[in-house]
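Novice: Here's a structure for you.
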Amino acid sequence: MQKQETHSGYRFLLWLPIIAGLYWLSETNYLLFHGLAEIFSVIIACCIFIISWNSRRFSTQPYLLLVGIGYLFVAILDLFHTFSYKGLSVFPGYGADLPTQLWIAARYLESLTFLAALYAFRKRFKLTAVFGGYILITFLIFAAIFRWKIFPAAYIEGNGLTPFKILSEYLICFFWLLAILTFSIRKKEFDRKVYRLLIASMVASVTSEMAFTLYISVFGLANFSGHILKILSFYFVYKAAIETNLTRPYESMFRDLKLNEKRFRSIYETAPLAFVVWDRKCRITDWNKTAERMFGWSAEEALGRNLFDFLVADQAKGQVKQVTDSLMQGTMNRRSINDNKTRDGRTITCEWNNSVLSDPEGRPEMVLSLALDITEKLRAEQAVKESHENIKKFAYTIIHDLKSPTASMHGLVNLLTRKYGEGMDDKAKMYCDRIVRVAEHINALVENINIYIKTREVPRRIEPIDLKELFALIRDEFSPQFGSRGIEWSEPESIPTIRADRTELSRVLRNFIDNALKYGGGHLSKIDIGYGEDATHHILTVSDNGVGMKKEDSEGIFDIFTRRDNTGNISGSGLGLAIVKEIAEKFGGSVWADFEDGEGAAFHISIRKDLQ
């Protein structure tokens, strides 16, 4: 450390006579000094671009590439600034204002480049877009100064700097200070030496700008100091580019890898999944904290052991052997579910997702296996399945136990009416009629419960269905009611053939039409069958011009045992639309309804087009 400080001191002493010589040159021949200083800074800026550009493929610092591109266009502006200086006569007719305008434009571009680079920190960007943006900006600057002459005056002969020039220098200083603050916040993401060089460059730029707010003559001491500080600023950026992209590119890469490894290790240890890494001989090479908690063995106890010796349950060893062999042979059985052992003797079921890690020659070398304990999930699913089976058995028992007495009650009442009907008074006949209707209602309810259960359990039978033919069959089935009530039936002229379960689709359409006939009211005069589609579904609609329904009364109508409050004495089980909903879900679609009080109803069902 002491040796490095000694070398830095020698370099500082070496700079002193160079700066003194430059100052003497500025006093004796300022044009020569200014030309040398500016050309030197232009060369440094071009070197920054060349280094950043040619090292872009292996650089891990995209912000330095953006800075390098920006400095190329700063160099172009500085070059024009150099040749426009008063006394060179390159641009006749222009005074000291032109180089000052070009100078201030270049400093704006330089400071804003640093801010833009911080915005794009570690982000990849399109080089063509960046180059295009800088070309456009540079063109607009030249056009504003030389062609349109709308760039504000920066220096007036005899008066010195204009308020625009001074204010711009302060604003540029603010941009540099903002960049310094942002760099400081992200200090840990930089190499320490590179960070110091970039901060030194920005501090030198701020000091340079402050010097350029003080001079009265473009040949003065403040102007000299500003140019020296500008050269130092460019030099520090050049050193940062050298350090990052040439001298120590791999250090930067390794530092980034370390950061990424640290982040990955944090995720690896805190993830809710067990991470188990094993080699070709099924020996454990890595074992995270979640694996310790899930299986009970510490990493020290697990590392180096064959997973079949302590992790795989005896009844699952054959299955797991097939999985490990297929992974190492490249047949890639990525997912498996098997029983595993824990340290305390329990058997748990885990879902494993496996990823093969290959050597440089592409041969499987290790496997990263991620385990999720699904024991409780399987138990819950089994409990739900058993509960479902018990409910189904109970429902079938109820259906069976209700059918016989209901049929007996219906038959006995009919027998009673036939044998003793002539001796019954009107009240007795009314009671017998009510008993018959109640028995029929119970029988219909039992039948609908049976249909509901079968709808949920029986697998669908998908086949091509000619909708025109199906609609004709249903129309004929309901034609007596249509004729007696004067109801008009309409359907589309062109209807495609779709794939669905014929029996279940027929049940849906019958239910919709039956509801229209039951609840449409006395002025129902039209039932319309419609067809539509979207990208993924067929949509069938049954609409009517009946009494409709209030929106508040329509909530939950597709839920089981839900009936409308305004059904009056119309019989129903509250299962019809619930059955329709189950069928729609089996078709990969949904069911819904549109109502308008007094203006009819429309029921819709969607059916996936890709049913197989």
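In the structure tokens, chains take the letters A, B, ... in the order shown, each chain's residues start at 1, and ligands count up from 1 in the order shown.
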Residues at most 8 Å from segment 138-152 of chain A, counting only C-alpha atoms, excluding those fewer than 5 positions away in the same chain, as a list in words?
Specialist: Phe73, Leu77, Leu98, Gln101, Ala105 and Phe164 of chain A
Novice: I'd like the interatomic distance between atom CA of Ala241 of chain A and atom CA of Arg186 of chain A, to a tenth of an Å.
Specialist: 17.9 Å
Novice: Hey, what's within 12 Å of Gly362 of chain A if we count only C-alpha atoms and toss same-chain stuff fewer than 6 positions away? As an MDAnalysis selection string, please?
Specialist: chainID A and resid 328:330 356
Novice: If we count only C-alpha atoms, what is near Pro364 of chain A at a cut-off of 12 Å, once residues fewer than 4 positions away on the same chain are taken out, given as a PDB file with N, CA, C and O atoms, in the first residue's frame?
Specialist:
ATOM      1  N   TRP A 278     -27.209 -34.338  -7.085  1.00  0.00           N
ATOM      2  CA  TRP A 278     -26.541 -35.638  -7.008  1.00  0.00           C
ATOM      3  C   TRP A 278     -25.817 -35.944  -8.312  1.00  0.00           C
ATOM      4  O   TRP A 278     -26.164 -35.406  -9.365  1.00  0.00           O
ATOM      5  N   ASP A 279     -24.776 -36.794  -8.235  1.00  0.00           N
ATOM      6  CA  ASP A 279     -23.926 -37.054  -9.393  1.00  0.00           C
ATOM      7  C   ASP A 279     -24.308 -38.359 -10.082  1.00  0.00           C
ATOM      8  O   ASP A 279     -25.339 -38.971  -9.775  1.00  0.00           O
ATOM      9  N   ARG A 280     -23.468 -38.792 -11.020  1.00  0.00           N
ATOM     10  CA  ARG A 280     -23.767 -39.990 -11.820  1.00  0.00           C
ATOM     11  C   ARG A 280     -23.892 -41.234 -10.960  1.00  0.00           C
ATOM     12  O   ARG A 280     -24.578 -42.193 -11.350  1.00  0.00           O
ATOM     13  N   LYS A 281     -23.232 -41.261  -9.804  1.00  0.00           N
ATOM     14  CA  LYS A 281     -23.311 -42.419  -8.912  1.00  0.00           C
ATOM     15  C   LYS A 281     -24.374 -42.241  -7.835  1.00  0.00           C
ATOM     16  O   LYS A 281     -24.385 -42.966  -6.835  1.00  0.00           O
ATOM     17  N   THR A 324     -33.653 -42.213 -12.329  1.00  0.00           N
ATOM     18  CA  THR A 324     -32.236 -41.811 -12.344  1.00  0.00           C
ATOM     19  C   THR A 324     -31.532 -42.323 -13.599  1.00  0.00           C
ATOM     20  O   THR A 324     -30.727 -41.613 -14.202  1.00  0.00           O
ATOM     21  N   ASP A 325     -31.855 -43.547 -14.017  1.00  0.00           N
ATOM     22  CA  ASP A 325     -31.226 -44.085 -15.232  1.00  0.00           C
ATOM     23  C   ASP A 325     -31.638 -43.285 -16.462  1.00  0.00           C
ATOM     24  O   ASP A 325     -30.802 -42.968 -17.323  1.00  0.00           O
ATOM     25  N   SER A 326     -32.932 -42.940 -16.556  1.00  0.00           N
ATOM     26  CA  SER A 326     -33.396 -42.196 -17.731  1.00  0.00           C
ATOM     27  C   SER A 326     -32.773 -40.808 -17.775  1.00  0.00           C
ATOM     28  O   SER A 326     -32.458 -40.288 -18.852  1.00  0.00           O
ATOM     29  N   LEU A 327     -32.572 -40.175 -16.607  1.00  0.00           N
ATOM     30  CA  LEU A 327     -31.942 -38.856 -16.574  1.00  0.00           C
ATOM     31  C   LEU A 327     -30.495 -38.932 -17.041  1.00  0.00           C
ATOM     32  O   LEU A 327     -30.038 -38.099 -17.828  1.00  0.00           O
ATOM     33  N   MET A 328     -29.757 -39.923 -16.584  1.00  0.00           N
ATOM     34  CA  MET A 328     -28.352 -40.042 -16.965  1.00  0.00           C
ATOM     35  C   MET A 328     -28.170 -40.541 -18.400  1.00  0.00           C
ATOM     36  O   MET A 328     -27.135 -40.331 -19.006  1.00  0.00           O
ATOM     37  N   GLN A 329     -29.197 -41.195 -18.943  1.00  0.00           N
ATOM     38  CA  GLN A 329     -29.120 -41.669 -20.324  1.00  0.00           C
ATOM     39  C   GLN A 329     -29.649 -40.645 -21.320  1.00  0.00           C
ATOM     40  O   GLN A 329     -29.607 -40.857 -22.529  1.00  0.00           O
ATOM     41  N   GLY A 330     -30.197 -39.546 -20.778  1.00  0.00           N
ATOM     42  CA  GLY A 330     -30.671 -38.484 -21.653  1.00  0.00           C
ATOM     43  C   GLY A 330     -32.103 -38.636 -22.111  1.00  0.00           C
ATOM     44  O   GLY A 330     -32.574 -37.855 -22.941  1.00  0.00           O
ATOM     45  N   THR A 331     -32.836 -39.625 -21.593  1.00  0.00           N
ATOM     46  CA  THR A 331     -34.247 -39.766 -21.981  1.00  0.00           C
ATOM     47  C   THR A 331     -35.137 -38.824 -21.184  1.00  0.00           C
ATOM     48  O   THR A 331     -36.319 -38.662 -21.488  1.00  0.00           O
ATOM     49  N   MET A 332     -34.578 -38.227 -20.122  1.00  0.00           N
ATOM     50  CA  MET A 332     -35.154 -37.049 -19.461  1.00  0.00           C
ATOM     51  C   MET A 332     -36.552 -37.256 -18.897  1.00  0.00           C
ATOM     52  O   MET A 332     -37.527 -36.707 -19.382  1.00  0.00           O
ATOM     53  N   SER A 355     -33.517 -31.468 -13.230  1.00  0.00           N
ATOM     54  CA  SER A 355     -32.814 -30.804 -14.332  1.00  0.00           C
ATOM     55  C   SER A 355     -31.403 -31.370 -14.417  1.00  0.00           C
ATOM     56  O   SER A 355     -30.681 -31.406 -13.412  1.00  0.00           O
ATOM     57  N   VAL A 356     -31.018 -31.809 -15.610  1.00  0.00           N
ATOM     58  CA  VAL A 356     -29.697 -32.411 -15.800  1.00  0.00           C
ATOM     59  C   VAL A 356     -28.666 -31.323 -16.044  1.00  0.00           C
ATOM     60  O   VAL A 356     -28.886 -30.406 -16.837  1.00  0.00           O
ATOM     61  N   LEU A 357     -27.529 -31.405 -15.347  1.00  0.00           N
ATOM     62  CA  LEU A 357     -26.394 -30.497 -15.531  1.00  0.00           C
ATOM     63  C   LEU A 357     -25.318 -31.273 -16.282  1.00  0.00           C
ATOM     64  O   LEU A 357     -24.833 -32.290 -15.800  1.00  0.00           O
ATOM     65  N   SER A 358     -24.951 -30.802 -17.494  1.00  0.00           N
ATOM     66  CA  SER A 358     -24.029 -31.542 -18.355  1.00  0.00           C
ATOM     67  C   SER A 358     -22.617 -30.999 -18.254  1.00  0.00           C
ATOM     68  O   SER A 358     -22.389 -29.834 -17.887  1.00  0.00           O
ATOM     69  N   ASP A 359     -21.636 -31.848 -18.616  1.00  0.00           N
ATOM     70  CA  ASP A 359     -20.244 -31.415 -18.655  1.00  0.00           C
ATOM     71  C   ASP A 359     -19.986 -30.681 -19.971  1.00  0.00           C
ATOM     72  O   ASP A 359     -20.882 -30.593 -20.826  1.00  0.00           O
ATOM     73  N   PRO A 360     -18.779 -30.135 -20.178  1.00  0.00           N
ATOM     74  CA  PRO A 360     -18.512 -29.367 -21.412  1.00  0.00           C
ATOM     75  C   PRO A 360     -18.743 -30.147 -22.698  1.00  0.00           C
ATOM     76  O   PRO A 360     -18.991 -29.569 -23.745  1.00  0.00           O
ATOM     77  N   LEU A 368     -29.937 -31.642 -10.718  1.00  0.00           N
ATOM     78  CA  LEU A 368     -30.535 -30.791  -9.690  1.00  0.00           C
ATOM     79  C   LEU A 368     -31.995 -31.211  -9.546  1.00  0.00           C
ATOM     80  O   LEU A 368     -32.780 -31.088 -10.483  1.00  0.00           O
TER      81      LEU A 368
END
Novice: To one decimal in Å, tell me the separation between atom CA of Trp176 of chain A and atom CA of Leu136 of chain A.
Specialist: 23.1 Å
Novice: For each of A:Trp24, A:Trp297, A:Trp103, A:Phe587, take the minimum atom-to-atom distance to Ile462 of chain A, counting only C-alpha atoms, then give the residue where this is smallest.
Specialist: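 The shortest atom-to-atom distance to Ile462 of chain A comes from A:Phe587.
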Novice: Under the rule that only C-alpha atoms are counted, which of A:Gln315, A:Ser225, A:Asn545, A:Ser506 is the nearest residue to Gly521 of chain A?
Specialist: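 The shortest atom-to-atom distance to Gly521 of chain A comes from A:Asn545.
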